[in-house]
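Asks: File data-v3.tsv follows (TSV, C-alpha atoms):
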chain	number	residue	atom	x	y	z
A	7	MET	CA	49.51	83.60	-89.25
A	8	PHE	CA	52.91	81.98	-89.05
A	9	GLU	CA	54.04	83.18	-92.45
A	10	GLU	CA	53.66	86.89	-91.67
A	11	ASP	CA	56.70	87.00	-89.43
A	12	ASN	CA	58.97	85.65	-92.09
A	13	ASP	CA	59.56	88.98	-93.75
A	14	ASP	CA	62.82	89.78	-92.00
A	15	ALA	CA	65.73	88.57	-94.10
A	16	GLY	CA	67.07	85.20	-93.09
A	17	GLY	CA	64.41	84.65	-90.45
A	18	GLY	CA	66.73	85.69	-87.66
A	19	ALA	CA	64.01	85.57	-85.01
A	20	ASP	CA	64.41	81.85	-84.59
A	21	GLY	CA	67.30	80.26	-82.76
A	22	GLY	CA	69.47	83.34	-83.08
A	23	GLN	CA	71.36	82.04	-86.07
A	24	GLY	CA	71.72	85.50	-87.56
A	25	LYS	CA	71.48	86.19	-91.25
A	26	ARG	CA	72.94	82.87	-92.47
A	27	LYS	CA	71.50	81.83	-95.80
A	28	ARG	CA	69.28	78.76	-95.68
A	29	LEU	CA	71.24	75.79	-96.96
A	30	PHE	CA	68.74	72.93	-97.05
A	31	SER	CA	65.31	74.45	-97.27
A	32	LYS	CA	64.14	72.53	-100.32
A	33	GLU	CA	65.57	69.20	-99.30
A	34	LEU	CA	64.32	69.52	-95.74
A	35	ARG	CA	60.80	70.15	-96.90
A	36	CYS	CA	60.82	66.95	-98.93
A	37	MET	CA	62.34	65.10	-96.01
A	38	MET	CA	59.74	66.32	-93.55
A	39	TYR	CA	56.95	65.29	-95.86
A	40	GLY	CA	58.57	61.89	-96.29
A	41	PHE	CA	58.80	61.41	-92.55
A	42	GLY	CA	55.14	62.22	-91.96
A	43	ASP	CA	54.63	65.96	-91.91
A	44	ASP	CA	52.23	67.84	-94.14
A	45	GLN	CA	53.04	68.22	-97.81
A	46	ASN	CA	53.66	71.92	-97.13
A	47	PRO	CA	55.47	72.22	-93.80
A	48	TYR	CA	55.63	75.55	-92.03
A	49	THR	CA	58.70	77.54	-92.94
A	50	GLU	CA	59.46	78.22	-89.29
A	51	SER	CA	59.54	74.50	-88.56
A	52	VAL	CA	61.83	73.92	-91.52
A	53	ASP	CA	64.13	76.65	-90.23
A	54	ILE	CA	64.21	75.14	-86.76
A	55	LEU	CA	65.09	71.76	-88.27
A	56	GLU	CA	67.83	73.28	-90.41
A	57	ASP	CA	69.38	74.90	-87.37
A	58	LEU	CA	69.15	71.58	-85.53
A	59	VAL	CA	70.83	69.71	-88.37
A	60	ILE	CA	73.64	72.25	-88.63
A	61	GLU	CA	74.14	72.09	-84.88
A	62	PHE	CA	74.15	68.28	-85.04
A	63	ILE	CA	76.73	68.19	-87.82
A	64	THR	CA	78.84	70.78	-86.02
A	65	GLU	CA	78.81	68.78	-82.79
A	66	MET	CA	79.65	65.53	-84.57
A	67	THR	CA	82.45	67.20	-86.49
A	68	HIS	CA	83.99	68.70	-83.37
A	69	LYS	CA	83.77	65.41	-81.53
A	70	ALA	CA	85.28	63.52	-84.46
A	71	MET	CA	88.11	66.01	-84.59
A	72	SER	CA	88.90	65.41	-80.95
A	73	ILE	CA	89.20	61.61	-81.21
A	74	GLY	CA	91.32	59.36	-83.36
A	75	ARG	CA	93.59	61.44	-85.54
A	76	GLN	CA	93.32	64.93	-84.03
A	77	GLY	CA	92.15	67.74	-86.20
A	78	ARG	CA	90.80	65.46	-88.90
A	79	VAL	CA	87.42	63.91	-89.45
A	80	GLN	CA	87.56	60.27	-90.47
A	81	VAL	CA	84.82	57.75	-91.06
A	82	GLU	CA	86.06	55.51	-88.27
A	83	ASP	CA	85.59	58.35	-85.80
A	84	ILE	CA	82.04	58.95	-86.93
A	85	VAL	CA	81.25	55.25	-86.66
A	86	PHE	CA	82.74	55.22	-83.18
A	87	LEU	CA	80.71	58.23	-82.05
A	88	ILE	CA	77.51	56.74	-83.34
A	89	ARG	CA	78.07	53.24	-81.93
A	90	LYS	CA	75.48	53.55	-79.16
A	91	ASP	CA	72.66	54.71	-81.45
A	92	PRO	CA	71.41	51.57	-83.19
A	93	ARG	CA	69.54	53.33	-85.98
A	94	LYS	CA	72.33	55.65	-87.03
A	95	PHE	CA	74.97	52.97	-86.61
A	96	ALA	CA	73.12	50.52	-88.86
A	97	ARG	CA	72.49	53.25	-91.40
A	98	VAL	CA	76.13	54.30	-91.65
A	99	LYS	CA	77.30	50.72	-91.97
A	100	ASP	CA	74.79	50.05	-94.73
A	101	LEU	CA	75.63	53.23	-96.63
A	102	LEU	CA	79.35	52.54	-96.54
A	103	THR	CA	78.87	48.93	-97.60
A	104	MET	CA	76.65	49.99	-100.46
A	105	ASN	CA	79.18	52.59	-101.54
A	106	GLU	CA	81.90	49.96	-101.65
A	107	GLU	CA	79.73	47.65	-103.69
A	108	LEU	CA	78.85	50.43	-106.12
A	109	LYS	CA	82.50	51.35	-106.50
A	110	ARG	CA	83.41	47.74	-107.20
A	111	ALA	CA	80.59	47.39	-109.71
A	112	ARG	CA	81.60	50.60	-111.47
A	113	LYS	CA	85.22	49.54	-111.59
A	114	ALA	CA	84.32	46.13	-113.01
A	115	PHE	CA	82.15	47.81	-115.60
A	116	ASP	CA	84.91	50.20	-116.62
A	117	GLU	CA	87.45	47.41	-116.88
A	118	ALA	CA	85.07	45.37	-118.98
A	119	ASN	CA	84.65	48.31	-121.33
A	120	TYR	CA	88.26	49.36	-121.69
A	121	GLY	CA	89.91	45.97	-121.18
A	122	SER	CA	92.58	47.26	-118.78
B	8	MET	CA	75.63	53.30	-121.98
B	9	ALA	CA	72.42	52.03	-120.47
B	10	ASN	CA	74.41	50.51	-117.64
B	11	HIS	CA	76.16	53.80	-117.00
B	12	SER	CA	72.95	55.75	-116.66
B	13	VAL	CA	71.54	53.05	-114.42
B	14	SER	CA	74.57	53.24	-112.20
B	15	LEU	CA	74.20	57.02	-112.06
B	16	TRP	CA	70.60	56.55	-111.00
B	17	ARG	CA	71.80	54.19	-108.30
B	18	LYS	CA	74.34	56.76	-107.16
B	19	THR	CA	71.65	59.38	-106.68
B	20	GLN	CA	69.73	56.87	-104.64
B	21	MET	CA	72.68	56.51	-102.33
B	22	GLY	CA	71.76	59.60	-100.40
B	23	SER	CA	68.48	58.28	-99.19
B	24	GLY	CA	67.71	54.87	-100.57
B	25	MET	CA	69.39	51.55	-100.39
B	26	GLU	CA	68.68	50.18	-103.84
B	27	MET	CA	71.52	48.13	-105.20
B	28	SER	CA	69.70	46.85	-108.25
B	29	PRO	CA	66.25	47.47	-109.58
B	30	GLY	CA	63.60	44.95	-108.73
B	31	PRO	CA	63.44	43.05	-105.47
B	32	ALA	CA	66.43	44.61	-103.84
B	33	ALA	CA	65.06	48.08	-104.48
B	34	LEU	CA	62.46	47.59	-101.80
B	35	THR	CA	64.74	45.96	-99.29
B	36	ASP	CA	65.57	49.31	-97.80
B	37	THR	CA	65.83	48.81	-94.09
B	38	ALA	CA	64.95	52.43	-93.46
B	39	PRO	CA	61.30	51.64	-92.65
B	40	GLU	CA	62.44	49.11	-90.12
B	41	ASP	CA	64.99	51.57	-88.85
B	42	THR	CA	62.23	53.91	-87.91
B	43	ASN	CA	60.97	51.24	-85.56
B	44	GLY	CA	64.29	51.15	-83.85
B	45	GLU	CA	64.98	47.68	-85.15
B	46	GLY	CA	68.19	48.81	-86.74
B	47	ASN	CA	70.02	47.36	-83.79
B	48	GLY	CA	69.20	43.90	-85.10
B	49	ASP	CA	71.80	44.22	-87.77
B	50	PRO	CA	75.02	44.99	-85.89
B	51	GLU	CA	74.09	42.46	-83.20
B	52	GLU	CA	73.30	39.80	-85.75
B	53	ALA	CA	76.53	40.49	-87.53
B	54	ALA	CA	78.40	40.22	-84.25
B	55	THR	CA	76.89	36.84	-83.35
B	56	GLU	CA	77.54	35.60	-86.86
B	57	ASP	CA	81.19	36.55	-86.56
B	58	ALA	CA	81.30	34.86	-83.16
B	59	THR	CA	79.94	31.59	-84.49
B	60	GLU	CA	82.28	31.73	-87.46
B	61	LEU	CA	85.18	32.22	-85.10
B	62	LYS	CA	84.05	29.29	-82.96
B	63	GLY	CA	83.93	27.15	-86.09
B	64	GLN	CA	87.48	28.18	-86.87
B	65	GLU	CA	88.69	27.45	-83.36
B	66	ALA	CA	86.94	24.11	-83.44
B	67	SER	CA	88.69	23.13	-86.63
B	68	ASP	CA	92.00	24.21	-85.08
B	69	LEU	CA	91.29	21.95	-82.14
B	70	ILE	CA	90.68	19.08	-84.48
B	71	GLU	CA	94.07	19.51	-86.06
B	72	THR	CA	95.95	19.61	-82.77
B	73	GLY	CA	94.12	17.01	-80.66
B	74	ARG	CA	93.86	13.63	-82.30
B	75	GLU	CA	92.61	11.51	-79.37
B	76	ASP	CA	88.93	12.55	-79.27
B	77	SER	CA	89.13	13.62	-82.90
B	78	SER	CA	85.84	11.98	-83.80
B	79	LEU	CA	83.99	13.88	-81.04
B	80	LEU	CA	85.53	17.20	-82.01
B	81	ALA	CA	84.94	16.52	-85.67
B	82	SER	CA	81.22	15.98	-85.18
B	83	ALA	CA	80.96	19.02	-82.92
B	84	ALA	CA	82.77	21.21	-85.43
B	85	LYS	CA	80.70	19.87	-88.27
B	86	LYS	CA	77.53	20.69	-86.34
B	87	MET	CA	78.78	24.21	-85.68
B	88	ARG	CA	79.64	24.76	-89.31
B	89	ILE	CA	76.24	23.50	-90.42
B	90	GLU	CA	74.56	25.79	-87.90
B	91	THR	CA	76.49	28.78	-89.19
B	92	LYS	CA	75.58	27.93	-92.75
B	93	GLU	CA	71.94	27.49	-91.79
B	94	ARG	CA	71.98	30.81	-90.00
B	95	LYS	CA	73.35	32.49	-93.12
B	96	GLU	CA	70.74	30.82	-95.27
B	97	LYS	CA	68.06	31.78	-92.77
B	98	LYS	CA	69.21	35.39	-92.97
B	99	HIS	CA	69.04	35.15	-96.75
B	100	GLU	CA	65.52	33.77	-96.49
B	101	VAL	CA	64.64	36.50	-94.02
B	102	ASP	CA	65.91	39.07	-96.51
B	103	GLU	CA	63.90	37.41	-99.23
B	104	ASP	CA	60.83	37.46	-96.98
B	105	GLU	CA	61.44	41.11	-96.16
B	106	ILE	CA	61.77	41.93	-99.83
B	107	GLN	CA	58.54	40.18	-100.67
B	108	LYS	CA	56.67	41.76	-97.78
B	109	MET	CA	57.91	45.19	-98.78
B	110	GLN	CA	56.81	44.62	-102.35
B	111	ILE	CA	53.34	43.57	-101.24
B	112	LEU	CA	53.14	46.55	-98.94
B	113	VAL	CA	54.25	49.12	-101.48
B	114	SER	CA	52.00	47.67	-104.14
B	115	SER	CA	49.02	48.30	-101.88
B	116	PHE	CA	49.85	51.97	-101.23
B	117	SER	CA	47.42	54.69	-102.10
B	118	GLU	CA	48.70	57.48	-104.34
B	119	GLU	CA	49.28	59.79	-101.40
B	120	GLN	CA	51.19	57.08	-99.59
B	121	LEU	CA	53.26	56.39	-102.68
B	122	ASN	CA	54.14	60.07	-102.94
B	123	ARG	CA	55.20	60.20	-99.34
B	124	TYR	CA	57.19	57.00	-99.65
B	125	GLU	CA	58.98	58.33	-102.72
B	126	MET	CA	59.88	61.51	-100.85
B	127	TYR	CA	61.03	59.44	-97.90
B	128	ARG	CA	63.40	57.42	-100.04
B	129	ARG	CA	64.57	60.10	-102.42
B	130	SER	CA	65.10	63.10	-100.18
B	131	ALA	CA	68.70	63.67	-99.25
B	132	PHE	CA	71.01	66.45	-98.22
B	133	PRO	CA	73.09	67.92	-101.02
B	134	LYS	CA	76.56	66.44	-100.73
B	135	ALA	CA	78.27	69.66	-101.78
B	136	ALA	CA	76.62	71.70	-99.04
B	137	ILE	CA	77.41	69.11	-96.38
B	138	LYS	CA	81.00	68.89	-97.54
B	139	ARG	CA	81.32	72.66	-97.47
B	140	LEU	CA	79.84	72.79	-93.99
B	141	ILE	CA	82.16	70.12	-92.57
B	142	GLN	CA	85.20	71.63	-94.23
B	143	SER	CA	84.36	75.06	-92.90
B	144	ILE	CA	84.44	73.57	-89.40
B	145	THR	CA	87.55	71.42	-89.72
B	146	GLY	CA	89.54	73.72	-91.97
B	147	THR	CA	90.88	70.66	-93.76
B	148	SER	CA	89.40	68.58	-96.51
B	149	VAL	CA	87.33	65.48	-95.77
B	150	SER	CA	86.92	62.29	-97.71
B	151	GLN	CA	83.84	61.38	-99.67
B	152	ASN	CA	82.95	58.64	-97.21
B	153	VAL	CA	82.75	61.15	-94.41
B	154	VAL	CA	80.27	63.22	-96.39
B	155	ILE	CA	78.22	60.13	-97.18
B	156	ALA	CA	78.19	59.05	-93.54
B	157	MET	CA	77.36	62.49	-92.23
B	158	SER	CA	74.53	63.03	-94.72
B	159	GLY	CA	73.12	59.63	-93.82
B	160	ILE	CA	73.05	60.13	-90.09
B	161	SER	CA	71.74	63.67	-90.49
B	162	LYS	CA	68.78	62.29	-92.38
B	163	VAL	CA	68.18	59.73	-89.63
B	164	PHE	CA	68.41	62.58	-87.15
B	165	VAL	CA	65.77	64.58	-89.04
B	166	GLY	CA	63.57	61.49	-89.03
B	167	GLU	CA	63.88	61.10	-85.28
B	168	VAL	CA	62.98	64.73	-84.64
B	169	VAL	CA	60.04	64.74	-87.04
B	170	GLU	CA	58.64	61.49	-85.65
B	171	GLU	CA	58.94	62.74	-82.10
B	172	ALA	CA	57.31	66.03	-83.11
B	173	LEU	CA	54.44	64.13	-84.72
B	174	ASP	CA	53.99	62.18	-81.49
B	175	VAL	CA	53.89	65.45	-79.55
B	176	CYS	CA	51.46	66.94	-82.04
B	177	GLU	CA	49.15	63.95	-81.74
B	178	LYS	CA	49.43	63.89	-77.98
B	179	TRP	CA	48.39	67.53	-77.77
B	180	GLY	CA	45.40	66.75	-79.97
B	181	GLU	CA	46.55	68.90	-82.87
B	182	LEU	CA	47.11	68.24	-86.53
B	183	PRO	CA	50.02	68.60	-88.94
B	184	PRO	CA	51.66	70.74	-90.30
B	185	LEU	CA	54.10	70.68	-87.45
B	186	GLN	CA	54.49	73.93	-85.58
B	187	PRO	CA	57.64	75.25	-83.94
B	188	LYS	CA	56.28	74.41	-80.48
B	189	HIS	CA	56.03	70.75	-81.48
B	190	MET	CA	59.58	70.80	-82.78
B	191	ARG	CA	60.88	72.40	-79.63
B	192	GLU	CA	59.08	69.94	-77.38
B	193	ALA	CA	60.38	67.09	-79.51
B	194	VAL	CA	63.94	68.37	-79.14
B	195	ARG	CA	63.46	68.72	-75.40
B	196	ARG	CA	62.32	65.09	-75.16
B	197	LEU	CA	65.12	63.78	-77.34
B	198	LYS	CA	67.64	65.72	-75.30
B	199	SER	CA	66.43	64.14	-72.10
B	200	ARG	CA	66.92	60.74	-73.76
B	201	GLY	CA	70.40	61.67	-74.81
B	202	GLN	CA	69.70	61.38	-78.49
B	203	ILE	CA	70.85	64.89	-79.24
B	204	PRO	CA	74.57	65.51	-78.78
B	205	ASN	CA	75.34	68.48	-76.61
B	206	SER	CA	78.88	69.10	-75.52
B	207	LYS	CA	78.23	72.58	-74.15
B	208	HIS	CA	76.69	71.45	-70.89
B	209	LYS	CA	79.12	71.08	-68.03
B	210	LYS	CA	78.25	67.90	-66.21
B	211	ILE	CA	78.29	68.10	-62.42
B	212	ILE	CA	78.80	64.56	-61.21
B	213	PHE	CA	78.83	64.98	-57.43
B	214	HIS	CA	77.17	67.88	-55.69
In structure tokens, write the structure found in this file.
Replies:
Amino acid sequence: MFEEDNDDAGGGADGGQGKRKRLFSKELRCMMYGFGDDQNPYTESVDILEDLVIEFITEMTHKAMSIGRQGRVQVEDIVFLIRKDPRKFARVKDLLTMNEELKRARKAFDEANYGS
Amino acid sequence: MANHSVSLWRKTQMGSGMEMSPGPAALTDTAPEDTNGEGNGDPEEAATEDATELKGQEASDLIETGREDSSLLASAAKKMRIETKERKEKKHEVDEDEIQKMQILVSSFSEEQLNRYEMYRRSAFPKAAIKRLIQSITGTSVSQNVVIAMSGISKVFVGEVVEEALDVCEKWGELPPLQPKHMREAVRRLKSRGQIPNSKHKKIIFH
């Protein structure tokens, strides 16, 4: 019943996002399943989520551009914007820490191999 | 060579998982705890740890300047330093406990649960698409860290919406798959809690 309406290209009936191509359909489906939805989520729900994510990223980007160094998006700005949300804040901190550790490990490995 | 491929595997885990090394650490991912809103434990803990470390430093400074009650200050500083060390060890033990508990939990998963857990850890937004999206908004280039951060919080955001939608679905006595009406109600609830950024609404403070 829900799938029939999906024939119009780009699914423009939902959220008024026009004919923008779907960027994250595959990944979002996996994510929804991982977070508790059915193994085959409804396409309309996936589309709604994609629009939400794009809107979220757009808002965050605009906000980050308006603080700190104007017109640029820097990590410090994102961390600042997210400071009141404990989950997101912890997640960003962890990801950045992990990235640093990985970079250090990779660098050490490369130096060990090429003796620089 | 083997190391290189392992490190590549780790890199692909970056988007969703937290594995630093295979084995115990692989299951330390705090994401499950994050979904309980316990993520705030970490920044607060880190803050108190820094505070106690600072106090230890100040105490040792005091010792160097004031020599009269040096013995009193020395014992106080020593106690503080021991407490800080114990706290760090306790956190290590807590991590070890967490790791073990996670391992026990995951080992008792059914196949369906294992599938879902794997999807939960592995799913991630494609970095290229996110980078393209951000750059199309800013007009300038952004660093890799920004893309990593933005992908990470977007995934947390998706998790919040899906969990709220599942709550709505259950409350209305319906079953998954989630329908658009659940998603919309979930968004409405999150908005009222201020968890969805919206800079388009003009706030009227006094009226």
Asks: Report as an NGL selection string the set of chain A residues whose atoms approach chain B to within 7 Å, with distances computed over all atoms listed in the file.
Replies: :A and (30 or 33 or 36-41 or 43-44 or 47-48 or 50-51 or 59 or 62 or 65 or 67 or 77-81 or 92-94 or 96-98)
Asks: CA of Gly42 (chain A) to CA of Lys138 (chain B): how many Å, to one decimal?
Replies: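 Value for the CA of Gly42 (chain A)-CA of Lys138 (chain B) distance: 27.3 Å.
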Asks: Taking all listed atoms of region 185-191 of chain B, build the axis-aligned box, pad each of the six sides by 3 Å, then write its centre and edge lengths in Å to one decimal as JSON.
Replies:
{"center_x": 57.5, "center_y": 73.0, "center_z": -83.5, "size_x": 12.8, "size_y": 10.6, "size_z": 13.8}
Asks: Would you work out the distance separating CA of Thr64 (chain A) from CA of Ile84 (chain A), expressed in Å to one decimal?
Replies: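 Between these atoms lies a distance of 12.3 Å.
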Asks: Measure the distance from CA of Leu102 (chain A) to CA of Leu87 (chain A) in Å and round it to one decimal.
Replies: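 So the answer is 15.6 Å.
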